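Worksheet: one structure, shown below.
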Amino acid sequence: MKTLTVLLIEDDPVDVLMVRRVIDTMAVDVALHTTDSCLRAIDLLSGELAGRDLIILLDINLPRMDGLEFLAEIRKRPENRGVPVIVMSTSEDVYDVESCFEAGISGYMVKPFEFENMKELIGAIIRYWSFSLLPHRERFDPTLSYKRKKRSLAS
Amino acid sequence: MFESISESEGGNIDRKDSEFDQLMYVLTHDFKAAFRSVYSLSDWIRSDLEPHLTPQTRSYFELLQARVRSLNSALEELHAFLRADREPLHMGKIDIRAMMDEIVLAAGLPDTCRIEIGLVSREMTGDRERMGRIFGELIDHAFRNLPEGRGCIEIEQSEIDEGIRFEIRNSGPPIGADSERSLFWVIDPGVRTHPGKGMITGLAYSKKLVESIGGRIGVVRDVRGSTGIRMDIPGLVGKGDRNEDPDGASDRG
């Protein structure tokens, strides 16, 4: 069974934890990779994660290389040009949103204050891309929630 | 000499803008992220400990979360206030009736509150999104000053030489002299530290929005002692294009 890979580029450990918690509750099989560095993310894209069905969740404000520079860099590479990139930001500023779309993102999410709202948003994003990227018969395992629960109880 | 002074002043303005942008950046990203983290972590700790919590510790968590939520709201208000006159205007023709209907719908007031709108013009020129924000704030303020949220809010529109005038009144008690003085204060030190209350008080945000489009806002008092908020907004009105709606008003509620 193919799985969707989510590459989360985020330097806030609590936000990483939030995304992990969201994915743990989902009935879609997702492989989560996290890094707090855009430079490391570029390495992952051309190495370990090359050729995968992938979406990127990207925080914009990161040290060394920021999210917009990262976008410009990966859009130059033919193999990463079509990878959906969804920005997760606390900024609602219209300039920030516009500059991200101009740089070639696929979606922009303002991080909600409440975890429950965050869960709904990230869940919707992952489900959407899972359905868009993976063939129908390979994207849904009806027993997955049960297996996850069992794994969680065992651990 | 004149040129050099201008350049120097220009440099100061640029520097202040840049400092302001840095402040905005910190407010938007770092503080909000920190508040969200504290809120979520405390929520998870509370749910993990739920079976062992006493009513007292549960109330501590509730207080902690209420305070963090309040700080986050205050930050959002402050951010909106500081940005109010820095966003570009998107001017266009506005159908006043359609705009008011949309604003009333968005206000989501309960059935105990009726809104009556009297319009004499059909069209104005302005930034519709900003007008929506201004009316949203004013309607919210008028509603909050209705005893138990019961009564009527009246919005009257007229034409003046420089543009267009709106007056917003409610059927609640008139604005007292003390309240009038502090109505447009940016921050009321007595209020801002209370959980659940915002930071930007009264109508300071509305005032800044109105001034950002070159308008004026203030309290208006009539001879019977009734009070309301009046705002004059520059804007081309479709002269001679009066609303032909026979009653010229719409009711809600």
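Within each chain, counting starts at residue 1; across the structure tokens, chains are named A, B, ... in the order shown, with ligands numbered 1 upward in that order.
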- Task: Report as JSON, numbers by chain the set of chain A residues whose atoms approach chain B to within 9 Å, with distances computed over only C-alpha atoms.
- Result: {"A": [12, 14, 15, 18, 61, 89, 90, 91, 92, 93, 94, 111, 112, 113, 114, 115]}
Produce a file of the selected residues containing C-alpha atoms, as an mmCIF file, in the first residue's frame.
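Output file result-v7.cif is given in full below:
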```
data_model
loop_
_atom_site.group_PDB
_atom_site.id
_atom_site.type_symbol
_atom_site.label_atom_id
_atom_site.label_comp_id
_atom_site.auth_asym_id
_atom_site.auth_seq_id
_atom_site.Cartn_x
_atom_site.Cartn_y
_atom_site.Cartn_z
ATOM 1 C CA ASP A 12 8.777 25.126 16.852
ATOM 2 C CA VAL A 14 5.197 22.290 19.940
ATOM 3 C CA ASP A 15 3.947 22.806 16.388
ATOM 4 C CA MET A 18 0.711 19.202 17.098
ATOM 5 C CA ASN A 61 10.097 31.993 9.505
ATOM 6 C CA SER A 89 2.080 30.587 9.505
ATOM 7 C CA THR A 90 0.798 32.725 12.359
ATOM 8 C CA SER A 91 0.661 35.726 10.039
ATOM 9 C CA GLU A 92 -2.654 36.826 8.568
ATOM 10 C CA ASP A 93 -0.956 39.720 6.823
ATOM 11 C CA VAL A 94 -2.152 39.966 3.248
ATOM 12 C CA LYS A 111 -2.182 28.423 12.475
ATOM 13 C CA PRO A 112 -5.273 28.500 14.665
ATOM 14 C CA PHE A 113 -5.058 29.133 18.392
ATOM 15 C CA GLU A 114 -7.044 26.044 19.389
ATOM 16 C CA PHE A 115 -5.577 22.611 18.771
#
```
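Proximity to Arg81 (chain A) at 10 Å, evaluated using only C-alpha atoms and with sequence-adjacent residues fewer than 4 positions away removed, yields Leu71, Ala72, Glu73, Ile74, Arg75, Lys76, Arg77, Val85 and Gly104 of chain A.
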Any chance you could export the current selection's N, CA and C atoms as a JSON list (two decimals), in the first residue's frame?
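In the end it all went to part_29.json:
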```
[["chain", "number", "residue", "atom", "x", "y", "z"],
["A", 71, "LEU", "N", 11.42, 27.86, -1.05],
["A", 71, "LEU", "CA", 10.49, 27.68, -2.17],
["A", 71, "LEU", "C", 11.17, 28.00, -3.50],
["A", 72, "ALA", "N", 11.88, 29.16, -3.51],
["A", 72, "ALA", "CA", 12.56, 29.57, -4.74],
["A", 72, "ALA", "C", 13.56, 28.48, -5.16],
["A", 73, "GLU", "N", 14.23, 27.92, -4.19],
["A", 73, "GLU", "CA", 15.24, 26.91, -4.48],
["A", 73, "GLU", "C", 14.62, 25.63, -5.06],
["A", 74, "ILE", "N", 13.55, 25.14, -4.42],
["A", 74, "ILE", "CA", 13.00, 23.85, -4.91],
["A", 74, "ILE", "C", 12.23, 24.02, -6.22],
["A", 75, "ARG", "N", 11.67, 25.21, -6.45],
["A", 75, "ARG", "CA", 10.94, 25.41, -7.71],
["A", 75, "ARG", "C", 11.89, 25.46, -8.90],
["A", 76, "LYS", "N", 13.18, 25.67, -8.62],
["A", 76, "LYS", "CA", 14.17, 25.65, -9.71],
["A", 76, "LYS", "C", 14.45, 24.22, -10.18],
["A", 77, "ARG", "N", 14.18, 23.27, -9.29],
["A", 77, "ARG", "CA", 14.53, 21.87, -9.60],
["A", 77, "ARG", "C", 13.33, 21.18, -10.25],
["A", 85, "VAL", "N", 3.25, 22.57, -1.78],
["A", 85, "VAL", "CA", 3.82, 23.17, -0.55],
["A", 85, "VAL", "C", 2.72, 23.98, 0.13],
["A", 104, "GLY", "N", 4.86, 30.48, -5.31],
["A", 104, "GLY", "CA", 4.47, 29.19, -5.86],
["A", 104, "GLY", "C", 3.97, 28.16, -4.86]]
```
- Show which residues sit within 8 Å of region 126-137 of chain B, as an MDAnalysis selection string. Count only C-alpha atoms, and ignore same-chain residues fewer than 3 positions away. chainID B and resid 89:94 99 103 106:107 140:141 203 206 209:210 235
- Picked from region 77-114 of chain A by DSSP as strand (DSSP E), as a VMD selection string: chain A and resid 85 to 89 107 to 110
Keeping C-alpha atoms, export the residues of the selection given above as an mmCIF file, in the first residue's frame.
```cif
data_model
loop_
_atom_site.group_PDB
_atom_site.id
_atom_site.type_symbol
_atom_site.label_atom_id
_atom_site.label_comp_id
_atom_site.auth_asym_id
_atom_site.auth_seq_id
_atom_site.Cartn_x
_atom_site.Cartn_y
_atom_site.Cartn_z
ATOM 1 C CA VAL A 85 3.816 23.166 -0.555
ATOM 2 C CA ILE A 86 1.417 24.370 2.122
ATOM 3 C CA VAL A 87 2.585 27.219 4.280
ATOM 4 C CA MET A 88 1.692 27.172 7.967
ATOM 5 C CA SER A 89 2.080 30.587 9.505
ATOM 6 C CA GLY A 107 -2.003 26.568 0.093
ATOM 7 C CA TYR A 108 -1.661 28.915 3.043
ATOM 8 C CA MET A 109 -2.870 28.035 6.511
ATOM 9 C CA VAL A 110 -3.016 30.487 9.394
#
```
- Message: Need to verify the contact set: region 153-159 of chain B, 6 Å, only C-alpha atoms, exclusion of same-chain residues closer than 2 positions in sequence. Can you return it as a list of chain:residue names?
- Response: B:Ile115, B:Glu116, B:Ile117, B:Gly118, B:Leu119, B:Val120, B:Ile164, B:Arg165, B:Phe166, B:Glu167, B:Ile168, B:Arg169, B:Asn170
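In this model, the gap between CA of Pro147 (chain B) and CA of Trp185 (chain B) comes to 22.9 Å.
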- Query: Between A:Leu17, A:Leu49, A:Leu4, A:Val22, which is the closest to Trp129 (chain A) once you count only C-alpha atoms?
  - Reply: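 Of A:Leu17, A:Leu49, A:Leu4, A:Val22, the one nearest Trp129 (chain A), counting only C-alpha atoms, is A:Leu4.
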